[in-house]
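Novice: What follows is query28.cif, made up of mmCIF, C-alpha atoms:
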data_run
#
loop_
_atom_site.label_atom_id
_atom_site.label_comp_id
_atom_site.auth_asym_id
_atom_site.auth_seq_id
_atom_site.Cartn_x
_atom_site.Cartn_y
_atom_site.Cartn_z
CA MET A 7 99.18 -13.59 8.38
CA PRO A 8 96.24 -14.28 10.72
CA GLU A 9 95.74 -12.08 13.77
CA SER A 10 97.50 -13.47 16.85
CA LYS A 11 95.48 -14.24 19.97
CA LYS A 12 97.31 -11.44 21.77
CA ASP A 13 96.40 -8.95 19.04
CA ALA A 14 92.78 -10.11 19.08
CA LEU A 15 92.51 -9.58 22.86
CA LEU A 16 94.12 -6.15 22.60
CA ARG A 17 91.65 -5.25 19.83
CA LEU A 18 88.75 -6.20 22.13
CA LEU A 19 90.17 -3.99 24.94
CA LYS A 20 90.67 -1.06 22.56
CA GLY A 21 87.08 -1.50 21.31
CA LEU A 22 85.86 -1.20 24.89
CA GLY A 23 88.01 1.93 25.33
CA SER A 24 86.30 3.56 22.35
CA ILE A 25 82.80 3.74 23.92
CA GLY A 26 83.70 6.75 26.06
CA ASP A 27 84.28 7.20 29.82
CA VAL A 28 86.42 4.01 29.85
CA GLU A 29 89.94 5.10 30.78
CA GLY A 30 91.60 1.71 30.42
CA SER A 31 91.02 -2.04 30.61
CA ALA A 32 92.94 -5.25 31.24
CA ILE A 33 92.41 -9.00 31.11
CA VAL A 34 93.87 -10.84 34.10
CA THR A 35 93.91 -14.46 35.26
CA ARG A 36 91.93 -15.24 38.41
CA ASP A 37 95.23 -15.77 40.23
CA GLY A 38 96.45 -12.29 39.32
CA LEU A 39 98.63 -12.55 36.22
CA LEU A 40 98.29 -10.05 33.40
CA ILE A 41 97.04 -11.46 30.06
CA ALA A 42 96.58 -8.23 28.08
CA SER A 43 96.19 -4.56 28.94
CA ASP A 44 95.21 -1.25 27.41
CA LEU A 45 95.96 1.05 30.35
CA PRO A 46 97.35 4.57 30.70
CA LYS A 47 101.18 4.52 30.68
CA ASP A 48 101.53 5.78 34.27
CA ILE A 49 99.83 2.68 35.71
CA ASP A 50 101.81 -0.41 36.76
CA ALA A 51 99.77 -3.05 34.93
CA GLU A 52 101.23 -5.98 36.91
CA THR A 53 100.27 -4.50 40.29
CA PHE A 54 96.89 -3.48 38.93
CA ALA A 55 96.28 -7.04 37.69
CA ALA A 56 97.30 -8.63 40.99
CA MET A 57 95.12 -6.32 43.08
CA SER A 58 92.10 -6.68 40.79
CA ALA A 59 92.31 -10.47 41.06
CA THR A 60 92.67 -10.26 44.86
CA MET A 61 89.56 -8.06 45.03
CA VAL A 62 87.54 -10.56 42.95
CA GLY A 63 88.87 -13.50 44.97
CA ALA A 64 87.93 -11.89 48.29
CA ALA A 65 84.49 -10.97 46.94
CA GLU A 66 84.00 -14.58 45.86
CA THR A 67 84.98 -15.91 49.30
CA ALA A 68 82.64 -13.43 51.03
CA ILE A 69 79.77 -14.26 48.66
CA ALA A 70 80.47 -17.99 49.05
CA GLU A 71 80.28 -17.56 52.84
CA LEU A 72 76.80 -16.10 52.27
CA LYS A 73 75.93 -19.24 50.26
CA LYS A 74 74.90 -16.94 47.45
CA GLY A 75 76.69 -18.44 44.44
CA THR A 76 79.49 -17.09 42.29
CA VAL A 77 80.48 -13.47 41.73
CA GLU A 78 79.29 -11.98 38.46
CA ARG A 79 80.66 -8.50 38.82
CA VAL A 80 82.50 -6.24 41.28
CA ILE A 81 82.27 -2.43 41.20
CA ALA A 82 84.71 -0.46 43.38
CA GLU A 83 83.97 3.25 43.53
CA GLY A 84 86.82 5.63 44.28
CA ARG A 85 86.57 9.37 44.65
CA ASP A 86 87.66 10.02 41.05
CA SER A 87 86.91 6.80 39.19
CA LYS A 88 85.27 3.40 39.31
CA LEU A 89 86.89 -0.01 38.84
CA ILE A 90 84.61 -2.69 37.36
CA THR A 91 85.42 -6.40 37.02
CA LYS A 92 83.47 -8.97 35.02
CA GLY A 93 84.22 -12.68 34.74
CA ALA A 94 85.37 -13.72 31.24
CA GLY A 95 85.32 -17.51 31.31
CA PRO A 96 86.56 -19.86 34.04
CA ASN A 97 90.09 -18.44 34.30
CA ALA A 98 89.99 -14.80 33.19
CA VAL A 99 88.57 -11.53 34.47
CA LEU A 100 87.99 -8.34 32.50
CA VAL A 101 88.79 -5.18 34.52
CA SER A 102 87.92 -1.66 33.39
CA MET A 103 88.63 1.70 34.95
CA VAL A 104 85.89 4.26 34.19
CA THR A 105 85.29 7.91 35.09
CA GLN A 106 83.34 8.66 38.26
CA ASP A 107 80.38 10.14 36.31
CA ALA A 108 80.32 7.41 33.63
CA ASN A 109 77.01 5.97 32.34
CA LEU A 110 77.29 2.62 34.11
CA GLY A 111 74.37 1.00 32.28
CA LEU A 112 75.99 1.36 28.85
CA ILE A 113 79.41 0.34 30.12
CA LEU A 114 78.10 -2.78 31.90
CA VAL A 115 76.34 -3.93 28.72
CA GLU A 116 79.48 -3.38 26.61
CA MET A 117 81.69 -5.08 29.21
CA GLY A 118 79.36 -8.10 29.10
CA LYS A 119 79.72 -8.34 25.32
CA THR A 120 83.50 -7.91 25.51
CA ALA A 121 83.76 -10.56 28.25
CA ASP A 122 81.82 -12.99 26.01
CA ASN A 123 84.21 -12.28 23.14
CA ILE A 124 87.26 -12.75 25.39
CA ARG A 125 85.82 -16.10 26.54
CA LYS A 126 85.43 -17.21 22.89
CA GLU A 127 88.88 -15.95 21.91
CA MET A 128 90.58 -17.73 24.82
CA GLY A 129 88.35 -20.84 24.36
CA MET B 27 70.38 2.88 82.06
CA PRO B 28 71.78 4.54 78.91
CA GLU B 29 72.01 2.51 75.73
CA SER B 30 75.42 0.83 75.37
CA LYS B 31 77.52 1.54 72.29
CA LYS B 32 77.06 -2.06 71.20
CA ASP B 33 73.28 -1.77 71.48
CA ALA B 34 73.32 1.52 69.57
CA LEU B 35 75.30 -0.02 66.69
CA LEU B 36 73.00 -3.04 66.59
CA ARG B 37 69.98 -0.70 66.50
CA LEU B 38 71.50 1.09 63.47
CA LEU B 39 72.01 -2.26 61.68
CA LYS B 40 68.47 -3.38 62.45
CA GLY B 41 67.16 -0.04 61.15
CA LEU B 42 68.95 -0.68 57.86
CA GLY B 43 67.46 -4.18 57.77
CA SER B 44 63.95 -2.74 58.02
CA ILE B 45 64.02 -0.88 54.68
CA GLY B 46 63.40 -4.06 52.67
CA ASP B 47 65.63 -6.15 50.39
CA VAL B 48 68.46 -5.92 52.96
CA GLU B 49 69.07 -9.48 54.18
CA GLY B 50 71.70 -8.62 56.77
CA SER B 51 74.44 -6.15 57.71
CA ALA B 52 77.62 -5.97 59.74
CA ILE B 53 80.17 -3.41 60.92
CA VAL B 54 83.76 -4.60 60.58
CA THR B 55 87.16 -3.02 61.22
CA ARG B 56 89.31 -2.33 58.17
CA ASP B 57 91.61 -5.13 59.27
CA GLY B 58 88.79 -7.66 59.33
CA LEU B 59 87.46 -7.92 62.89
CA LEU B 60 83.74 -7.99 63.59
CA ILE B 61 82.34 -5.00 65.55
CA ALA B 62 78.61 -5.74 65.33
CA SER B 63 76.39 -7.86 63.12
CA ASP B 64 72.76 -8.43 62.23
CA LEU B 65 73.16 -11.40 59.89
CA PRO B 66 71.12 -14.55 59.20
CA LYS B 67 72.03 -17.30 61.70
CA ASP B 68 73.49 -19.64 59.06
CA ILE B 69 76.28 -17.21 58.18
CA ASP B 70 79.67 -17.31 59.93
CA ALA B 71 79.95 -13.63 60.85
CA GLU B 72 83.70 -13.79 61.59
CA THR B 73 84.57 -15.22 58.17
CA PHE B 74 82.18 -12.81 56.51
CA ALA B 75 83.85 -9.86 58.30
CA ALA B 76 87.36 -10.97 57.37
CA MET B 77 86.52 -11.48 53.70
CA SER B 78 84.61 -8.20 53.42
CA ALA B 79 87.60 -6.31 54.82
CA THR B 80 89.96 -8.14 52.44
CA MET B 81 87.75 -7.17 49.50
CA VAL B 82 87.77 -3.50 50.53
CA GLY B 83 91.53 -3.57 51.16
CA ALA B 84 92.27 -5.06 47.73
CA ALA B 85 89.93 -2.56 46.07
CA GLU B 86 91.78 0.24 47.86
CA THR B 87 95.17 -1.01 46.70
CA ALA B 88 93.93 -1.36 43.10
CA ILE B 89 92.36 2.10 43.15
CA ALA B 90 95.50 3.56 44.77
CA GLU B 91 97.57 2.00 41.96
CA LEU B 92 95.33 3.94 39.54
CA LYS B 93 96.12 7.11 41.50
CA LYS B 94 92.40 7.64 41.84
CA GLY B 95 92.00 8.33 45.55
CA THR B 96 90.28 6.34 48.27
CA VAL B 97 87.51 3.77 47.92
CA GLU B 98 84.04 5.05 48.77
CA ARG B 99 82.04 1.93 48.06
CA VAL B 100 82.39 -1.63 46.76
CA ILE B 101 79.50 -3.57 45.21
CA ALA B 102 80.03 -7.30 44.57
CA GLU B 103 77.24 -8.92 42.59
CA GLY B 104 76.65 -12.64 43.01
CA ARG B 105 74.10 -14.72 41.17
CA ASP B 106 71.55 -14.49 44.01
CA SER B 107 72.54 -11.42 46.00
CA LYS B 108 74.73 -8.35 46.17
CA LEU B 109 77.29 -7.44 48.82
CA ILE B 110 77.77 -3.69 49.38
CA THR B 111 80.45 -2.05 51.52
CA LYS B 112 80.60 1.60 52.59
CA GLY B 113 83.31 3.26 54.66
CA ALA B 114 82.07 4.35 58.12
CA GLY B 115 84.88 6.49 59.47
CA PRO B 116 88.62 5.87 59.39
CA ASN B 117 88.56 2.39 60.93
CA ALA B 118 85.18 0.84 60.21
CA VAL B 119 83.28 -0.46 57.20
CA LEU B 120 79.55 -1.10 56.91
CA VAL B 121 78.74 -4.24 54.89
CA SER B 122 75.23 -5.17 53.74
CA MET B 123 73.93 -8.17 51.88
CA VAL B 124 70.95 -7.34 49.64
CA THR B 125 68.72 -9.31 47.27
CA GLN B 126 69.78 -9.50 43.62
CA ASP B 127 66.77 -7.45 42.44
CA ALA B 128 67.00 -4.83 45.23
CA ASN B 129 66.47 -1.12 44.49
CA LEU B 130 70.13 -0.10 44.79
CA GLY B 131 69.44 3.65 44.74
CA LEU B 132 67.35 3.57 47.92
CA ILE B 133 69.71 1.16 49.67
CA LEU B 134 72.83 3.20 48.84
CA VAL B 135 71.22 6.37 50.28
CA GLU B 136 70.18 4.55 53.47
CA MET B 137 73.61 2.91 53.82
CA GLY B 138 75.21 6.37 53.54
CA LYS B 139 73.04 7.70 56.38
CA THR B 140 73.71 4.62 58.51
CA ALA B 141 77.48 4.88 57.88
CA ASP B 142 77.36 8.53 59.04
CA ASN B 143 75.54 7.48 62.21
CA ILE B 144 78.04 4.66 62.85
CA ARG B 145 80.89 7.16 62.45
CA LYS B 146 79.26 9.47 65.05
CA GLU B 147 78.50 6.60 67.44
CA MET B 148 82.06 5.27 67.28
CA GLY B 149 83.47 8.85 67.37
#
Represent the structure of the file as structure tokens.

Specialist:
Amino acid sequence: MPESKKDALLRLLKGLGSIGDVEGSAIVTRDGLLIASDLPKDIDAETFAAMSATMVGAAETAIAELKKGTVERVIAEGRDSKLITKGAGPNAVLVSMVTQDANLGLILVEMGKTADNIRKEMG
Amino acid sequence: MPESKKDALLRLLKGLGSIGDVEGSAIVTRDGLLIASDLPKDIDAETFAAMSATMVGAAETAIAELKKGTVERVIAEGRDSKLITKGAGPNAVLVSMVTQDANLGLILVEMGKTADNIRKEMG
């Protein structure tokens, strides 16, 4: 039996989780619906998805007001962790939660590759 | 005649603009009202303020959902520029627009100092 699209997306998220310092990831639509998630159990994935999409949407409106093109990435830094979003095709956004002291360079490269794979998978 | 609070805040924003790669900055309330701005003339400062505050608010809700404390900083990367926010006391947020290839390290340090000075000025 071939791998379902859902399983393929979950595999991509788990791959991202295996690079270290990534505590969890999700794929959400740009209007805030959850597509797939690999998040710690104590997190409400639906609320997380909605708020991540709102953050990206507001960033896009602010950047658009600056006449500076589309938003490639948003990094929100909390006291204990960072939240990073990366566009994954026209309708989806990849969101990862990483530790505060994570190596951002490595994670941003891996998130870029994962976002490309999500785009292909969702084609 | 002593410097007015408004003039002092504008002086802080202009100081930030003098370090290079910073195209403009503003101080906004957390609910989206403009306090002071040093932005290029072709930008609608009110819309910019409202959207910046929305972005920070959504980031805070997402981070709160992760049980990861408050938001220290948000960086939104567009194709041609970056938008950086930094909390400046309980009610205000400093927002700067920087060039895409800016030296983020230097700018983040200077924004931290400016946010501290805004906090003191608004006391």

Novice: Name every residue that the PyMOL selection byres ((chain B and resi 113) around 10) selects in this structure, writing the answer as a ChimeraX atom specification with chains first and numbers rising.

Specialist: /B:53-56,82,96-100,111-112,114-121,137-138,141-142,144-145

Novice: Of the candidates A:Glu29, A:Glu116, A:Asp37, A:Glu127, which shows the shortest atom-to-atom distance to chain B, using only C-alpha atoms?

Specialist: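 Comparing A:Glu29, A:Glu116, A:Asp37, A:Glu127 against chain B, the winner is A:Glu29.
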
Novice: Least-squares align chain B to chain A using all Cα atoms paired by position, then dump the moved coordinates as a CSV table (one decimal) with C-alpha atoms, keeping the file's coordinate frame.

Specialist:
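superposed-v1.csv, freshly written:
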chain,number,residue,atom,x,y,z
B,27,MET,CA,99.1,-13.5,8.4
B,28,PRO,CA,96.2,-14.3,10.7
B,29,GLU,CA,95.7,-12.1,13.8
B,30,SER,CA,97.5,-13.5,16.9
B,31,LYS,CA,95.5,-14.2,20.0
B,32,LYS,CA,97.3,-11.4,21.8
B,33,ASP,CA,96.4,-8.9,19.1
B,34,ALA,CA,92.8,-10.1,19.1
B,35,LEU,CA,92.5,-9.6,22.9
B,36,LEU,CA,94.1,-6.1,22.6
B,37,ARG,CA,91.7,-5.2,19.8
B,38,LEU,CA,88.8,-6.2,22.1
B,39,LEU,CA,90.2,-4.0,24.9
B,40,LYS,CA,90.7,-1.1,22.6
B,41,GLY,CA,87.1,-1.5,21.3
B,42,LEU,CA,85.9,-1.2,24.9
B,43,GLY,CA,88.0,1.9,25.3
B,44,SER,CA,86.3,3.6,22.4
B,45,ILE,CA,82.8,3.7,23.9
B,46,GLY,CA,83.7,6.8,26.1
B,47,ASP,CA,84.3,7.2,29.8
B,48,VAL,CA,86.4,4.0,29.8
B,49,GLU,CA,89.9,5.1,30.8
B,50,GLY,CA,91.6,1.7,30.4
B,51,SER,CA,91.0,-2.0,30.6
B,52,ALA,CA,92.9,-5.2,31.2
B,53,ILE,CA,92.4,-9.0,31.1
B,54,VAL,CA,93.9,-10.8,34.1
B,55,THR,CA,93.9,-14.5,35.3
B,56,ARG,CA,91.9,-15.3,38.4
B,57,ASP,CA,95.2,-15.8,40.2
B,58,GLY,CA,96.5,-12.3,39.3
B,59,LEU,CA,98.6,-12.5,36.2
B,60,LEU,CA,98.3,-10.0,33.4
B,61,ILE,CA,97.0,-11.5,30.0
B,62,ALA,CA,96.6,-8.2,28.1
B,63,SER,CA,96.2,-4.6,28.9
B,64,ASP,CA,95.2,-1.3,27.4
B,65,LEU,CA,96.0,1.0,30.3
B,66,PRO,CA,97.3,4.6,30.7
B,67,LYS,CA,101.2,4.5,30.7
B,68,ASP,CA,101.5,5.8,34.3
B,69,ILE,CA,99.8,2.7,35.7
B,70,ASP,CA,101.8,-0.4,36.8
B,71,ALA,CA,99.8,-3.0,34.9
B,72,GLU,CA,101.2,-6.0,36.9
B,73,THR,CA,100.3,-4.5,40.3
B,74,PHE,CA,96.9,-3.5,38.9
B,75,ALA,CA,96.3,-7.0,37.7
B,76,ALA,CA,97.3,-8.6,41.0
B,77,MET,CA,95.1,-6.3,43.1
B,78,SER,CA,92.1,-6.7,40.8
B,79,ALA,CA,92.3,-10.5,41.1
B,80,THR,CA,92.7,-10.2,44.9
B,81,MET,CA,89.6,-8.1,45.0
B,82,VAL,CA,87.5,-10.5,42.9
B,83,GLY,CA,88.9,-13.5,45.0
B,84,ALA,CA,87.9,-11.9,48.3
B,85,ALA,CA,84.5,-11.0,46.9
B,86,GLU,CA,84.0,-14.6,45.9
B,87,THR,CA,85.0,-15.9,49.3
B,88,ALA,CA,82.6,-13.4,51.0
B,89,ILE,CA,79.8,-14.3,48.7
B,90,ALA,CA,80.5,-18.0,49.0
B,91,GLU,CA,80.3,-17.5,52.8
B,92,LEU,CA,76.8,-16.1,52.3
B,93,LYS,CA,75.9,-19.2,50.3
B,94,LYS,CA,74.9,-16.9,47.4
B,95,GLY,CA,76.7,-18.4,44.5
B,96,THR,CA,79.5,-17.1,42.3
B,97,VAL,CA,80.5,-13.5,41.7
B,98,GLU,CA,79.3,-12.0,38.5
B,99,ARG,CA,80.7,-8.5,38.8
B,100,VAL,CA,82.5,-6.2,41.3
B,101,ILE,CA,82.3,-2.4,41.2
B,102,ALA,CA,84.7,-0.5,43.4
B,103,GLU,CA,84.0,3.2,43.5
B,104,GLY,CA,86.8,5.6,44.3
B,105,ARG,CA,86.6,9.4,44.7
B,106,ASP,CA,87.6,10.0,41.0
B,107,SER,CA,86.9,6.8,39.2
B,108,LYS,CA,85.3,3.4,39.3
B,109,LEU,CA,86.9,0.0,38.8
B,110,ILE,CA,84.6,-2.7,37.4
B,111,THR,CA,85.4,-6.4,37.0
B,112,LYS,CA,83.5,-9.0,35.0
B,113,GLY,CA,84.2,-12.7,34.8
B,114,ALA,CA,85.4,-13.7,31.2
B,115,GLY,CA,85.3,-17.5,31.3
B,116,PRO,CA,86.6,-19.9,34.0
B,117,ASN,CA,90.1,-18.4,34.3
B,118,ALA,CA,90.0,-14.8,33.2
B,119,VAL,CA,88.6,-11.5,34.5
B,120,LEU,CA,88.0,-8.3,32.5
B,121,VAL,CA,88.8,-5.2,34.5
B,122,SER,CA,87.9,-1.7,33.4
B,123,MET,CA,88.6,1.7,34.9
B,124,VAL,CA,85.9,4.3,34.2
B,125,THR,CA,85.3,7.9,35.1
B,126,GLN,CA,83.3,8.6,38.3
B,127,ASP,CA,80.4,10.1,36.3
B,128,ALA,CA,80.3,7.4,33.6
B,129,ASN,CA,77.0,6.0,32.4
B,130,LEU,CA,77.3,2.6,34.1
B,131,GLY,CA,74.4,1.0,32.3
B,132,LEU,CA,76.0,1.4,28.9
B,133,ILE,CA,79.4,0.3,30.1
B,134,LEU,CA,78.1,-2.8,31.9
B,135,VAL,CA,76.4,-3.9,28.7
B,136,GLU,CA,79.5,-3.4,26.6
B,137,MET,CA,81.7,-5.1,29.2
B,138,GLY,CA,79.4,-8.1,29.1
B,139,LYS,CA,79.7,-8.4,25.3
B,140,THR,CA,83.5,-7.9,25.5
B,141,ALA,CA,83.8,-10.6,28.3
B,142,ASP,CA,81.8,-13.0,26.0
B,143,ASN,CA,84.2,-12.3,23.1
B,144,ILE,CA,87.3,-12.8,25.4
B,145,ARG,CA,85.8,-16.1,26.5
B,146,LYS,CA,85.4,-17.2,22.9
B,147,GLU,CA,88.9,-16.0,21.9
B,148,MET,CA,90.6,-17.7,24.8
B,149,GLY,CA,88.3,-20.8,24.3

Novice: Using only C-alpha atoms, which protein or nucleic acid residues come within 9 Å of Asp70 in chain B? Drop anything in the same chain fewer than 5 positions from it, and give the result as number ranges by chain.

Specialist: A: 71-72; B: 65, 75

Novice: Up to 9 Å from chain A, what residues of chain B turn up? Count all atoms listed in the file and give them as a PyMOL selection string.

Specialist: chain B and resi 68-71+73-109+123

Novice: If you measure from CA of Gly50 in chain B to CA of Val124 in chain B, what distance in Å do you get, rounded to one decimal?

Specialist: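 A separation of 7.3 Å between them.
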
Novice: Of the candidates A:Asp44, A:Asp107, A:Glu52, A:Val115, which shows the shortest atom-to-atom distance to Leu18 in chain A, using only C-alpha atoms?

Specialist: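 Residue with the minimum atom-to-atom distance to Leu18 in chain A: A:Asp44.
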
Novice: In Å, with one decimal, what is the gap from CA of Ala128 in chain B to CA of Ala52 in chain B?

Specialist: 18.0 Å

Novice: Separation of CA of Thr120 in chain A and CA of Asp27 in chain A, in Å?

Specialist: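 According to the coordinates, CA of Thr120 in chain A and CA of Asp27 in chain A are separated by 15.7 Å.
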
Novice: From the list B:Ser122, B:Ile61, B:Leu132, B:Gly43, which residue is nearest Lys31 in chain B when using all atoms listed in the file?

Specialist: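 Closest residue, counting all atoms listed in the file: B:Ile61.
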
Novice: Please complete range 73-83 of chain B so it has all heavy atoms, and hand it over as a PDB file, in the coordinates of the input.

Specialist:
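Result saved to part.pdb:
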ATOM      1  N   THR B  73      84.014 -15.013  59.503  1.00  0.00           N
ATOM      2  CA  THR B  73      84.570 -15.220  58.170  1.00  0.00           C
ATOM      3  C   THR B  73      84.073 -14.140  57.215  1.00  0.00           C
ATOM      4  O   THR B  73      84.832 -13.583  56.414  1.00  0.00           O
ATOM      5  CB  THR B  73      84.161 -16.611  57.622  1.00  0.00           C
ATOM      6  OG1 THR B  73      84.533 -17.593  58.569  1.00  0.00           O
ATOM      7  CG2 THR B  73      84.829 -16.902  56.296  1.00  0.00           C
ATOM      8  N   PHE B  74      82.796 -13.846  57.329  1.00  0.00           N
ATOM      9  CA  PHE B  74      82.180 -12.810  56.510  1.00  0.00           C
ATOM     10  C   PHE B  74      82.896 -11.467  56.721  1.00  0.00           C
ATOM     11  O   PHE B  74      83.219 -10.754  55.768  1.00  0.00           O
ATOM     12  CB  PHE B  74      80.702 -12.718  56.915  1.00  0.00           C
ATOM     13  CG  PHE B  74      79.934 -11.650  56.206  1.00  0.00           C
ATOM     14  CD1 PHE B  74      79.659 -11.771  54.847  1.00  0.00           C
ATOM     15  CD2 PHE B  74      79.475 -10.541  56.881  1.00  0.00           C
ATOM     16  CE1 PHE B  74      78.943 -10.790  54.191  1.00  0.00           C
ATOM     17  CE2 PHE B  74      78.761  -9.553  56.228  1.00  0.00           C
ATOM     18  CZ  PHE B  74      78.494  -9.678  54.877  1.00  0.00           C
ATOM     19  N   ALA B  75      83.173 -11.126  57.981  1.00  0.00           N
ATOM     20  CA  ALA B  75      83.850  -9.860  58.300  1.00  0.00           C
ATOM     21  C   ALA B  75      85.246  -9.831  57.685  1.00  0.00           C
ATOM     22  O   ALA B  75      85.655  -8.847  57.057  1.00  0.00           O
ATOM     23  CB  ALA B  75      83.929  -9.691  59.816  1.00  0.00           C
ATOM     24  N   ALA B  76      85.983 -10.921  57.870  1.00  0.00           N
ATOM     25  CA  ALA B  76      87.360 -10.970  57.370  1.00  0.00           C
ATOM     26  C   ALA B  76      87.403 -10.820  55.853  1.00  0.00           C
ATOM     27  O   ALA B  76      88.211 -10.064  55.302  1.00  0.00           O
ATOM     28  CB  ALA B  76      88.016 -12.277  57.805  1.00  0.00           C
ATOM     29  N   MET B  77      86.513 -11.518  55.162  1.00  0.00           N
ATOM     30  CA  MET B  77      86.520 -11.480  53.700  1.00  0.00           C
ATOM     31  C   MET B  77      86.047 -10.132  53.162  1.00  0.00           C
ATOM     32  O   MET B  77      86.547  -9.643  52.153  1.00  0.00           O
ATOM     33  CB  MET B  77      85.640 -12.603  53.133  1.00  0.00           C
ATOM     34  CG  MET B  77      86.299 -13.947  53.221  1.00  0.00           C
ATOM     35  SD  MET B  77      87.931 -13.917  52.400  1.00  0.00           S
ATOM     36  CE  MET B  77      88.983 -14.365  53.763  1.00  0.00           C
ATOM     37  N   SER B  78      85.078  -9.528  53.846  1.00  0.00           N
ATOM     38  CA  SER B  78      84.610  -8.200  53.420  1.00  0.00           C
ATOM     39  C   SER B  78      85.741  -7.184  53.525  1.00  0.00           C
ATOM     40  O   SER B  78      85.950  -6.370  52.624  1.00  0.00           O
ATOM     41  CB  SER B  78      83.433  -7.748  54.295  1.00  0.00           C
ATOM     42  OG  SER B  78      82.373  -8.656  54.189  1.00  0.00           O
ATOM     43  N   ALA B  79      86.487  -7.251  54.627  1.00  0.00           N
ATOM     44  CA  ALA B  79      87.600  -6.310  54.820  1.00  0.00           C
ATOM     45  C   ALA B  79      88.690  -6.561  53.778  1.00  0.00           C
ATOM     46  O   ALA B  79      89.297  -5.616  53.256  1.00  0.00           O
ATOM     47  CB  ALA B  79      88.159  -6.438  56.234  1.00  0.00           C
ATOM     48  N   THR B  80      88.948  -7.821  53.459  1.00  0.00           N
ATOM     49  CA  THR B  80      89.960  -8.140  52.440  1.00  0.00           C
ATOM     50  C   THR B  80      89.542  -7.562  51.091  1.00  0.00           C
ATOM     51  O   THR B  80      90.358  -6.998  50.351  1.00  0.00           O
ATOM     52  CB  THR B  80      90.141  -9.670  52.311  1.00  0.00           C
ATOM     53  OG1 THR B  80      90.515 -10.184  53.583  1.00  0.00           O
ATOM     54  CG2 THR B  80      91.214 -10.013  51.294  1.00  0.00           C
ATOM     55  N   MET B  81      88.263  -7.697  50.773  1.00  0.00           N
ATOM     56  CA  MET B  81      87.750  -7.170  49.500  1.00  0.00           C
ATOM     57  C   MET B  81      87.944  -5.657  49.425  1.00  0.00           C
ATOM     58  O   MET B  81      88.422  -5.128  48.417  1.00  0.00           O
ATOM     59  CB  MET B  81      86.270  -7.534  49.373  1.00  0.00           C
ATOM     60  CG  MET B  81      85.633  -7.096  48.089  1.00  0.00           C
ATOM     61  SD  MET B  81      83.932  -7.720  47.959  1.00  0.00           S
ATOM     62  CE  MET B  81      83.049  -6.509  48.950  1.00  0.00           C
ATOM     63  N   VAL B  82      87.606  -4.954  50.506  1.00  0.00           N
ATOM     64  CA  VAL B  82      87.770  -3.500  50.530  1.00  0.00           C
ATOM     65  C   VAL B  82      89.248  -3.124  50.446  1.00  0.00           C
ATOM     66  O   VAL B  82      89.634  -2.217  49.702  1.00  0.00           O
ATOM     67  CB  VAL B  82      87.126  -2.895  51.805  1.00  0.00           C
ATOM     68  CG1 VAL B  82      87.440  -1.414  51.927  1.00  0.00           C
ATOM     69  CG2 VAL B  82      85.621  -3.115  51.783  1.00  0.00           C
ATOM     70  N   GLY B  83      90.094  -3.861  51.177  1.00  0.00           N
ATOM     71  CA  GLY B  83      91.530  -3.570  51.160  1.00  0.00           C
ATOM     72  C   GLY B  83      92.134  -3.744  49.778  1.00  0.00           C
ATOM     73  O   GLY B  83      92.917  -2.900  49.315  1.00  0.00           O
TER      74      GLY B  83
END
